[in-house]
$ cat entry_11.pdb   # PDB, C-alpha atoms
MODEL        1
ATOM      1  CA  GLU A   1      90.522 127.579 131.864
ATOM      2  CA  ASP A   2      93.443 125.773 133.471
ATOM      3  CA  GLN A   3      95.364 128.011 135.870
ATOM      4  CA  VAL A   4      98.262 127.883 138.300
ATOM      5  CA  THR A   5      98.788 130.521 141.004
ATOM      6  CA  GLN A   6     101.831 130.558 143.232
ATOM      7  CA  SER A   7     102.271 132.431 146.498
ATOM      8  CA  PRO A   8     104.053 134.280 147.849
ATOM      9  CA  GLU A   9     105.796 135.979 144.919
ATOM     10  CA  ALA A  10     108.936 136.295 147.028
ATOM     11  CA  LEU A  11     110.005 134.851 150.358
ATOM     12  CA  ARG A  12     112.971 135.869 152.467
ATOM     13  CA  LEU A  13     114.138 133.417 155.135
ATOM     14  CA  GLN A  14     116.978 133.174 157.579
ATOM     15  CA  GLU A  15     119.101 130.058 157.327
ATOM     16  CA  GLY A  16     117.352 127.304 159.308
ATOM     17  CA  GLU A  17     113.941 129.017 159.219
ATOM     18  CA  SER A  18     111.488 126.484 157.763
ATOM     19  CA  SER A  19     108.570 127.611 155.594
ATOM     20  CA  SER A  20     106.184 126.567 152.811
ATOM     21  CA  LEU A  21     105.454 127.689 149.274
ATOM     22  CA  ASN A  22     101.922 127.385 147.913
ATOM     23  CA  CYS A  23     100.658 126.398 144.473
ATOM     24  CA  SER A  24      96.919 126.634 143.806
ATOM     25  CA  TYR A  25      95.594 125.121 140.619
ATOM     26  CA  THR A  26      92.416 124.701 138.635
ATOM     27  CA  VAL A  27      92.562 122.050 135.957
ATOM     28  CA  SER A  28      90.115 119.821 134.169
ATOM     29  CA  GLY A  29      91.485 116.468 135.297
ATOM     30  CA  LEU A  30      95.008 116.496 136.666
ATOM     31  CA  ARG A  31      97.519 114.354 134.812
ATOM     32  CA  GLY A  32     100.411 115.578 136.957
ATOM     33  CA  LEU A  33     101.679 118.470 139.082
ATOM     34  CA  PHE A  34     105.366 119.342 138.894
ATOM     35  CA  TRP A  35     107.816 121.332 140.966
ATOM     36  CA  TYR A  36     110.950 122.791 139.414
ATOM     37  CA  ARG A  37     113.795 124.885 140.739
ATOM     38  CA  GLN A  38     115.309 127.579 138.536
ATOM     39  CA  ASP A  39     118.559 129.446 139.139
ATOM     40  CA  PRO A  40     119.180 132.788 137.370
ATOM     41  CA  GLY A  41     120.086 132.380 133.703
ATOM     42  CA  LYS A  42     119.515 128.621 133.731
ATOM     43  CA  GLY A  43     116.773 126.248 132.691
ATOM     44  CA  PRO A  44     114.383 124.821 135.306
ATOM     45  CA  GLU A  45     115.619 121.764 137.190
ATOM     46  CA  PHE A  46     113.055 119.017 137.790
ATOM     47  CA  LEU A  47     112.292 118.292 141.461
ATOM     48  CA  PHE A  48     109.050 116.322 141.848
ATOM     49  CA  THR A  49     105.965 114.985 140.114
ATOM     50  CA  LEU A  50     102.740 114.419 142.091
ATOM     51  CA  TYR A  51      99.806 112.608 140.545
ATOM     52  CA  SER A  52      96.998 112.312 143.101
ATOM     53  CA  ALA A  53      95.681 113.987 146.245
ATOM     54  CA  GLY A  54      97.427 112.775 149.371
ATOM     55  CA  GLU A  55     100.671 112.019 147.608
ATOM     56  CA  GLU A  56     103.931 113.292 149.152
ATOM     57  CA  LYS A  57     107.525 113.261 147.906
ATOM     58  CA  GLU A  58     110.770 114.265 149.592
ATOM     59  CA  LYS A  59     114.241 115.209 148.488
ATOM     60  CA  GLU A  60     116.814 116.456 150.974
ATOM     61  CA  ARG A  61     115.293 119.541 152.670
ATOM     62  CA  LEU A  62     112.283 119.673 150.319
ATOM     63  CA  LYS A  63     108.931 117.956 150.688
ATOM     64  CA  ALA A  64     106.052 118.340 148.243
ATOM     65  CA  THR A  65     102.432 117.546 149.076
ATOM     66  CA  LEU A  66      99.256 117.560 146.992
ATOM     67  CA  THR A  67      95.554 118.098 147.660
ATOM     68  CA  LYS A  68      92.716 118.384 145.158
ATOM     69  CA  LYS A  69      93.175 122.145 144.890
ATOM     70  CA  GLU A  70      96.731 122.953 145.881
ATOM     71  CA  SER A  71     100.253 121.771 146.444
ATOM     72  CA  PHE A  72     102.784 122.841 149.027
ATOM     73  CA  LEU A  73     106.555 122.781 148.844
ATOM     74  CA  HIS A  74     107.866 122.603 152.395
ATOM     75  CA  ILE A  75     111.451 123.686 152.970
ATOM     76  CA  THR A  76     112.965 122.444 156.218
ATOM     77  CA  ALA A  77     115.981 124.239 157.727
ATOM     78  CA  PRO A  78     116.895 125.968 154.439
ATOM     79  CA  LYS A  79     120.456 126.879 153.507
ATOM     80  CA  PRO A  80     121.653 129.801 151.347
ATOM     81  CA  GLU A  81     122.164 127.389 148.427
ATOM     82  CA  ASP A  82     118.398 126.775 148.416
ATOM     83  CA  SER A  83     117.935 130.333 147.144
ATOM     84  CA  ALA A  84     116.260 130.100 143.726
ATOM     85  CA  THR A  85     112.919 130.502 141.997
ATOM     86  CA  TYR A  86     110.584 127.575 142.571
ATOM     87  CA  LEU A  87     108.116 126.881 139.792
ATOM     88  CA  CYS A  88     104.927 124.858 139.964
ATOM     89  CA  ALA A  89     103.302 123.457 136.819
ATOM     90  CA  VAL A  90     100.329 121.266 135.904
ATOM     91  CA  GLN A  91      99.451 119.062 133.008
ATOM     92  CA  ALA A  92      95.769 118.374 132.382
ATOM     93  CA  GLU A  93      94.316 115.114 131.121
ATOM     94  CA  ALA A  94      92.284 117.041 128.573
ATOM     95  CA  GLY A  95      95.069 119.414 127.637
ATOM     96  CA  GLY A  96      97.063 117.135 125.419
ATOM     97  CA  PHE A  97     100.652 117.464 126.497
ATOM     98  CA  LYS A  98     100.560 121.151 127.299
ATOM     99  CA  THR A  99     102.127 122.113 130.615
ATOM    100  CA  ILE A 100     101.013 125.305 132.372
ATOM    101  CA  PHE A 101     103.438 127.020 134.701
ATOM    102  CA  GLY A 102     102.838 129.363 137.607
ATOM    103  CA  ALA A 103     104.773 132.606 137.914
ATOM    104  CA  GLY A 104     107.059 131.136 140.556
ATOM    105  CA  THR A 105     108.171 132.002 144.082
ATOM    106  CA  ARG A 106     111.543 133.652 144.474
ATOM    107  CA  LEU A 107     113.200 132.290 147.611
ATOM    108  CA  PHE A 108     116.063 134.112 149.320
ATOM    109  CA  VAL A 109     117.829 132.386 152.204
ATOM    110  CA  LYS A 110     120.214 134.534 154.218
ATOM    111  CA  ALA A 111     123.101 133.051 156.173
TER     112      ALA A 111
ATOM    113  CA  LYS B   1     124.076 110.904 130.645
ATOM    114  CA  ALA B   2     123.997 114.095 128.603
ATOM    115  CA  GLY B   3     121.186 116.534 129.296
ATOM    116  CA  VAL B   4     119.124 118.619 126.911
ATOM    117  CA  THR B   5     121.384 120.725 124.713
ATOM    118  CA  GLN B   6     120.276 124.023 123.218
ATOM    119  CA  THR B   7     122.218 126.048 120.697
ATOM    120  CA  PRO B   8     123.152 128.793 120.489
ATOM    121  CA  ARG B   9     123.168 130.009 124.092
ATOM    122  CA  TYR B  10     122.943 133.671 123.132
ATOM    123  CA  LEU B  11     121.687 135.502 120.056
ATOM    124  CA  ILE B  12     121.284 139.132 119.102
ATOM    125  CA  LYS B  13     119.043 139.847 116.120
ATOM    126  CA  THR B  14     117.542 142.907 114.484
ATOM    127  CA  ARG B  15     113.826 143.571 114.169
ATOM    128  CA  GLY B  16     112.392 141.999 111.034
ATOM    129  CA  GLN B  17     114.988 139.235 110.841
ATOM    130  CA  GLN B  18     114.256 135.581 111.448
ATOM    131  CA  VAL B  19     115.966 133.152 113.799
ATOM    132  CA  THR B  20     116.283 129.393 114.196
ATOM    133  CA  LEU B  21     116.993 127.777 117.547
ATOM    134  CA  SER B  22     118.068 124.179 118.009
ATOM    135  CA  CYS B  23     117.385 121.575 120.691
ATOM    136  CA  SER B  24     118.890 118.112 121.145
ATOM    137  CA  PRO B  25     116.880 116.079 123.672
ATOM    138  CA  ILE B  26     118.172 113.567 126.180
ATOM    139  CA  SER B  27     118.979 110.292 124.450
ATOM    140  CA  GLY B  28     115.837 108.158 124.268
ATOM    141  CA  HIS B  29     113.462 111.066 124.833
ATOM    142  CA  ARG B  30     111.062 111.456 121.935
ATOM    143  CA  SER B  31     108.880 114.303 123.191
ATOM    144  CA  VAL B  32     110.209 117.848 122.888
ATOM    145  CA  SER B  33     108.457 120.987 124.134
ATOM    146  CA  TRP B  34     109.368 124.632 123.676
ATOM    147  CA  TYR B  35     108.696 127.504 126.065
ATOM    148  CA  GLN B  36     109.207 131.257 126.082
ATOM    149  CA  GLN B  37     110.217 132.836 129.386
ATOM    150  CA  THR B  38     110.020 136.578 130.044
ATOM    151  CA  PRO B  39     110.027 138.527 133.320
ATOM    152  CA  GLY B  40     106.492 139.748 132.737
ATOM    153  CA  GLN B  41     104.778 136.605 131.434
ATOM    154  CA  GLY B  42     106.778 133.830 133.044
ATOM    155  CA  LEU B  43     107.091 130.474 131.296
ATOM    156  CA  GLN B  44     104.664 130.141 128.410
ATOM    157  CA  PHE B  45     104.133 126.994 126.361
ATOM    158  CA  LEU B  46     104.880 127.327 122.648
ATOM    159  CA  PHE B  47     104.449 123.817 121.210
ATOM    160  CA  GLU B  48     105.183 120.137 121.754
ATOM    161  CA  TYR B  49     106.434 117.565 119.280
ATOM    162  CA  PHE B  50     106.439 113.787 119.329
ATOM    163  CA  SER B  51     107.624 111.544 116.494
ATOM    164  CA  GLU B  52     107.965 114.526 114.166
ATOM    165  CA  THR B  53     104.343 115.592 114.768
ATOM    166  CA  GLN B  54     103.153 118.690 116.587
ATOM    167  CA  ARG B  55     100.759 117.432 119.259
ATOM    168  CA  ASN B  56      99.919 120.690 120.973
ATOM    169  CA  LYS B  57     100.359 124.394 120.412
ATOM    170  CA  GLY B  58     100.189 127.396 122.722
ATOM    171  CA  ASN B  59      98.707 130.798 122.025
ATOM    172  CA  PHE B  60     101.460 132.337 119.951
ATOM    173  CA  PRO B  61     101.223 133.956 116.505
ATOM    174  CA  GLY B  62     102.054 132.034 113.359
ATOM    175  CA  ARG B  63     105.493 133.686 113.252
ATOM    176  CA  PHE B  64     106.512 131.032 115.764
ATOM    177  CA  SER B  65     106.939 127.605 114.228
ATOM    178  CA  GLY B  66     108.831 124.438 114.919
ATOM    179  CA  ARG B  67     109.675 121.015 113.669
ATOM    180  CA  GLN B  68     111.132 117.753 114.876
ATOM    181  CA  PHE B  69     113.456 115.458 113.004
ATOM    182  CA  SER B  70     113.542 111.669 112.919
ATOM    183  CA  ASN B  71     116.357 111.641 115.511
ATOM    184  CA  SER B  72     114.067 113.645 117.875
ATOM    185  CA  ARG B  73     116.151 116.806 117.554
ATOM    186  CA  SER B  74     113.963 119.865 117.248
ATOM    187  CA  GLU B  75     114.180 123.378 115.893
ATOM    188  CA  MET B  76     112.011 126.398 116.394
ATOM    189  CA  ASN B  77     111.853 129.353 114.073
ATOM    190  CA  VAL B  78     110.671 132.886 114.658
ATOM    191  CA  SER B  79     110.126 135.026 111.596
ATOM    192  CA  THR B  80     109.814 138.799 111.340
ATOM    193  CA  LEU B  81     111.253 139.359 114.791
ATOM    194  CA  GLU B  82     109.747 141.986 117.069
ATOM    195  CA  LEU B  83     111.276 143.656 120.114
ATOM    196  CA  GLY B  84     108.799 141.751 122.291
ATOM    197  CA  ASP B  85     110.263 138.450 121.160
ATOM    198  CA  SER B  86     113.297 139.082 123.345
ATOM    199  CA  ALA B  87     113.208 136.258 125.866
ATOM    200  CA  LEU B  88     114.798 133.083 127.139
ATOM    201  CA  TYR B  89     113.647 130.216 124.924
ATOM    202  CA  LEU B  90     113.661 126.881 126.691
ATOM    203  CA  CYS B  91     113.423 123.394 125.321
ATOM    204  CA  ALA B  92     112.386 120.384 127.414
ATOM    205  CA  SER B  93     112.353 116.679 126.627
ATOM    206  CA  SER B  94     110.557 113.745 128.193
ATOM    207  CA  LEU B  95     110.225 109.993 127.855
ATOM    208  CA  VAL B  96     107.177 108.445 126.253
ATOM    209  CA  GLY B  97     104.613 107.721 128.937
ATOM    210  CA  ARG B  98     106.276 110.002 131.478
ATOM    211  CA  THR B  99     104.940 113.443 132.309
ATOM    212  CA  GLU B 100     108.014 115.131 133.823
ATOM    213  CA  ALA B 101     110.170 117.114 131.458
ATOM    214  CA  PHE B 102     113.853 117.993 131.641
ATOM    215  CA  PHE B 103     114.967 121.412 130.481
ATOM    216  CA  GLY B 104     117.980 122.691 128.629
ATOM    217  CA  GLN B 105     119.887 125.831 129.601
ATOM    218  CA  GLY B 106     117.936 127.898 127.124
ATOM    219  CA  THR B 107     118.767 130.327 124.333
ATOM    220  CA  ARG B 108     118.763 133.985 125.312
ATOM    221  CA  LEU B 109     117.409 135.933 122.318
ATOM    222  CA  THR B 110     117.742 139.700 122.243
ATOM    223  CA  VAL B 111     115.988 141.636 119.475
ATOM    224  CA  VAL B 112     117.285 145.156 118.864
TER     225      VAL B 112
ENDMDL
END

$ encode --input "entry_11.pdb" --output "structure tokens"
Amino acid sequence: EDQVTQSPEALRLQEGESSSLNCSYTVSGLRGLFWYRQDPGKGPEFLFTLYSAGEEKEKERLKATLTKKESFLHITAPKPEDSATYLCAVQAEAGGFKTIFGAGTRLFVKA
Amino acid sequence: KAGVTQTPRYLIKTRGQQVTLSCSPISGHRSVSWYQQTPGQGLQFLFEYFSETQRNKGNFPGRFSGRQFSNSRSEMNVSTLELGDSALYLCASSLVGRTEAFFGQGTRLTVV
């Protein structure tokens, strides 16, 4: 069964304190792995898509990487406005167009 | 460029009633997916439509149904509402041949 597990559940950082969020997945043929950011009461905001092991993508203070079993979202020198829930999701080649989401990591960045 | 639009934003319904939620995708996007989000279960896939056809369905009871119109707009319906149906219902659209999806703001449904 296709699964996505995110850790930690919650992460508290001081402003400027870099860290990483983990997304472990098991899927029968990966079509794509996605990272989203979600603010309270809003829909998820698309950040990145990764397709194959070794791929990396960057956007401002965020960098996403992918291996055959997991993905990391690295946050460099975070600011309070980076506080949000970060969601990881996968789409399997054999799963039609069904996307499976992890439970998310709640990030709190204190000034 | 307008994003995904969901209406209404908030709904309060009584147990046993039915509800219809609407989703207008980003212009040019022909794939529309629906998700249920609750604090306990997270984001769970309901179904996905493309060219008015349901291509995939999640593990939800038959009370949850949907459809897509020729202009790619989509609706989902929940019949015989239960308290456990209270959730944020999210719609996402994507381009043909692209895997990433873009979400609307969601409809917050409360069943009392």

$ resolve_selection --input "entry_11.pdb" --expression "the PyMOL selection byres ((chain B and resi 10-18) around 6)" --output "MDAnalysis selection string"
chainID B and resid 8:9 19 78:82 107:112

$ atom_distance --input "entry_11.pdb" --atom1 "CA of Phe50 (chain B)" --atom2 "CA of Asp2 (chain A)"
22.6 Å

$ closest_atom_pairs --input "entry_11.pdb" --of "chain B" --to "chain A" --cutoff "8 Å" --atoms "all atoms listed in the file" --output "Markdown table"
| residue | atom | partner | partner_atom | distance |
| --- | --- | --- | --- | --- |
| B:Gln41 | CA | A:Ala103 | CA | 7.6 |
| B:Gly42 | CA | A:Ala103 | CA | 5.4 |
| B:Leu43 | CA | A:Phe101 | CA | 6.1 |
| B:Gln44 | CA | A:Phe101 | CA | 7.1 |
| B:Phe45 | CA | A:Thr99 | CA | 6.8 |
| B:Phe47 | CA | A:Lys98 | CA | 7.7 |
| B:Glu48 | CA | A:Phe97 | CA | 7.1 |
| B:Arg55 | CA | A:Gly96 | CA | 7.2 |
| B:Asn56 | CA | A:Gly96 | CA | 6.4 |
| B:Lys57 | CA | A:Lys98 | CA | 7.6 |
| B:Gly58 | CA | A:Lys98 | CA | 7.8 |
| B:Leu90 | CA | A:Gly43 | CA | 6.8 |
| B:Thr99 | CA | A:Gly32 | CA | 6.8 |
| B:Glu100 | CA | A:Thr49 | CA | 6.6 |
| B:Ala101 | CA | A:Phe46 | CA | 7.2 |
| B:Phe102 | CA | A:Phe46 | CA | 6.3 |
| B:Phe103 | CA | A:Gly43 | CA | 5.6 |
| B:Gly104 | CA | A:Gly43 | CA | 5.5 |
| B:Gln105 | CA | A:Gly43 | CA | 4.4 |
| B:Gly106 | CA | A:Gly43 | CA | 5.9 |

$ residues_near_point --input "entry_11.pdb" --point "(113.4, 110.9, 115.6)" --cutoff "6 Å" --atoms "all atoms listed in the file" --output "list in words"
Ser51, Phe69, Ser70, Asn71 and Ser72 of chain B

$ residues_around --input "entry_11.pdb" --residues "region 72-84 of chain A" --least-positions-apart "6" --cutoff "9 Å" --atoms "all atoms listed in the file" --output "PyMOL selection string"
chain A and resi 13-24+35+37-40+60-66+105-111

$ resolve_selection --input "entry_11.pdb" --expression "the PyMOL selection byres ((chain B and resi 27) around 9)" --output "list of chain:residue names"
B:Lys1, B:Ala2, B:Gly3, B:Val4, B:Ser24, B:Pro25, B:Ile26, B:Gly28, B:His29, B:Arg30, B:Ser72

$ write_last_selection --input "entry_11.pdb" --atoms "C-alpha atoms" --output "PDB file, in the coordinates of the input"
ATOM      1  CA  LYS B   1     124.076 110.904 130.645  1.00  0.00           C
ATOM      2  CA  ALA B   2     123.997 114.095 128.603  1.00  0.00           C
ATOM      3  CA  GLY B   3     121.186 116.534 129.296  1.00  0.00           C
ATOM      4  CA  VAL B   4     119.124 118.619 126.911  1.00  0.00           C
ATOM      5  CA  SER B  24     118.890 118.112 121.145  1.00  0.00           C
ATOM      6  CA  PRO B  25     116.880 116.079 123.672  1.00  0.00           C
ATOM      7  CA  ILE B  26     118.172 113.567 126.180  1.00  0.00           C
ATOM      8  CA  GLY B  28     115.837 108.158 124.268  1.00  0.00           C
ATOM      9  CA  HIS B  29     113.462 111.066 124.833  1.00  0.00           C
ATOM     10  CA  ARG B  30     111.062 111.456 121.935  1.00  0.00           C
ATOM     11  CA  SER B  72     114.067 113.645 117.875  1.00  0.00           C
TER      12      SER B  72
END

$ axis_aligned_box --input "entry_11.pdb" --around "region 61-70 of chain A" --padding-each-side "3 Å" --output "lines of an AutoDock Vina configuration file"
center_x = 104.0
center_y = 120.2
center_z = 148.8
size_x = 28.6
size_y = 11.4
size_z = 13.8

$ closest_residue --input "entry_11.pdb" --among "B:Tyr89, B:Tyr49, B:Phe64, B:Tyr35" --to "Asn77 (chain B)" --atoms "all atoms listed in the file"
B:Phe64

$ resolve_selection --input "entry_11.pdb" --expression "the PyMOL selection byres ((chain A and resi 1) around 12)" --output "list of chain:residue names"
A:Asp2, A:Gln3, A:Val4, A:Tyr25, A:Thr26, A:Val27, A:Ser28, A:Gly29, A:Ala92, A:Ala94, A:Gly95, A:Ile100

$ atom_distance --input "entry_11.pdb" --atom1 "CA of Leu88 (chain B)" --atom2 "CA of Glu93 (chain A)"
27.5 Å

$ atom_distance --input "entry_11.pdb" --atom1 "CA of Arg73 (chain B)" --atom2 "CA of Asp85 (chain B)"
22.7 Å

$ decode --input "entry_11.pdb" --residues "region 48-70 of chain A" --atoms "N, CA, C and O atoms" --output "tab-separated table (two decimals), in the first residue's frame"
chain	number	residue	atom	x	y	z
A	48	PHE	N	6.85	22.59	-4.65
A	48	PHE	CA	7.77	21.88	-5.54
A	48	PHE	C	7.17	20.55	-6.02
A	48	PHE	O	6.37	19.95	-5.32
A	49	THR	N	7.65	20.12	-7.19
A	49	THR	CA	7.47	18.74	-7.63
A	49	THR	C	8.84	18.15	-7.90
A	49	THR	O	9.69	18.78	-8.53
A	50	LEU	N	9.07	16.92	-7.41
A	50	LEU	CA	10.31	16.18	-7.68
A	50	LEU	C	9.92	14.88	-8.34
A	50	LEU	O	8.95	14.23	-7.94
A	51	TYR	N	10.69	14.48	-9.36
A	51	TYR	CA	10.29	13.31	-10.13
A	51	TYR	C	11.22	12.11	-9.97
A	51	TYR	O	10.78	10.96	-10.08
A	52	SER	N	12.54	12.37	-9.73
A	52	SER	CA	13.46	11.24	-9.69
A	52	SER	C	14.54	11.46	-8.64
A	52	SER	O	14.86	12.61	-8.29
A	53	ALA	N	15.07	10.36	-8.13
A	53	ALA	CA	16.11	10.41	-7.09
A	53	ALA	C	17.28	11.25	-7.56
A	53	ALA	O	17.72	11.17	-8.71
A	54	GLY	N	17.76	12.11	-6.65
A	54	GLY	CA	18.87	12.99	-6.97
A	54	GLY	C	18.43	14.39	-7.37
A	54	GLY	O	19.23	15.32	-7.42
A	55	GLU	N	17.16	14.53	-7.65
A	55	GLU	CA	16.65	15.83	-8.07
A	55	GLU	C	16.56	16.79	-6.89
A	55	GLU	O	16.25	16.39	-5.77
A	56	GLU	N	16.84	18.07	-7.12
A	56	GLU	CA	16.75	19.11	-6.10
A	56	GLU	C	16.07	20.32	-6.71
A	56	GLU	O	16.25	20.62	-7.89
A	57	LYS	N	15.29	21.03	-5.87
A	57	LYS	CA	14.67	22.28	-6.32
A	57	LYS	C	14.73	23.28	-5.18
A	57	LYS	O	14.64	22.91	-4.01
A	58	GLU	N	14.87	24.56	-5.54
A	58	GLU	CA	14.99	25.62	-4.54
A	58	GLU	C	14.02	26.75	-4.81
A	58	GLU	O	13.70	27.05	-5.98
A	59	LYS	N	13.59	27.37	-3.71
A	59	LYS	CA	12.75	28.55	-3.81
A	59	LYS	C	12.97	29.36	-2.55
A	59	LYS	O	12.60	28.93	-1.46
A	60	GLU	N	13.59	30.49	-2.69
A	60	GLU	CA	13.90	31.38	-1.57
A	60	GLU	C	14.66	30.59	-0.50
A	60	GLU	O	15.73	30.06	-0.75
A	61	ARG	N	14.12	30.47	0.70
A	61	ARG	CA	14.82	29.80	1.80
A	61	ARG	C	14.57	28.29	1.83
A	61	ARG	O	15.05	27.60	2.74
A	62	LEU	N	13.83	27.77	0.87
A	62	LEU	CA	13.46	26.36	0.86
A	62	LEU	C	14.20	25.60	-0.23
A	62	LEU	O	14.37	26.09	-1.35
A	63	LYS	N	14.62	24.38	0.12
A	63	LYS	CA	15.26	23.50	-0.85
A	63	LYS	C	14.74	22.09	-0.62
A	63	LYS	O	14.81	21.57	0.50
A	64	ALA	N	14.22	21.48	-1.68
A	64	ALA	CA	13.70	20.12	-1.58
A	64	ALA	C	14.61	19.15	-2.31
A	64	ALA	O	15.10	19.45	-3.40
A	65	THR	N	14.85	18.00	-1.68
A	65	THR	CA	15.68	16.96	-2.28
A	65	THR	C	14.94	15.64	-2.26
A	65	THR	O	14.00	15.44	-1.46
A	66	LEU	N	15.36	14.71	-3.12
A	66	LEU	CA	14.65	13.43	-3.24
A	66	LEU	C	15.62	12.28	-3.37
A	66	LEU	O	16.59	12.35	-4.14
A	67	THR	N	15.36	11.21	-2.59
A	67	THR	CA	16.07	9.94	-2.77
A	67	THR	C	15.01	8.91	-3.13
A	67	THR	O	13.83	9.22	-3.27
A	68	LYS	N	15.42	7.65	-3.22
A	68	LYS	CA	14.47	6.60	-3.61
A	68	LYS	C	13.46	6.28	-2.51
A	68	LYS	O	12.44	5.64	-2.77
A	69	LYS	N	13.76	6.71	-1.28
A	69	LYS	CA	12.87	6.38	-0.17
A	69	LYS	C	12.34	7.58	0.58
A	69	LYS	O	11.39	7.45	1.36
A	70	GLU	N	12.97	8.75	0.40
A	70	GLU	CA	12.54	9.88	1.19
A	70	GLU	C	12.87	11.21	0.50
A	70	GLU	O	13.67	11.26	-0.44
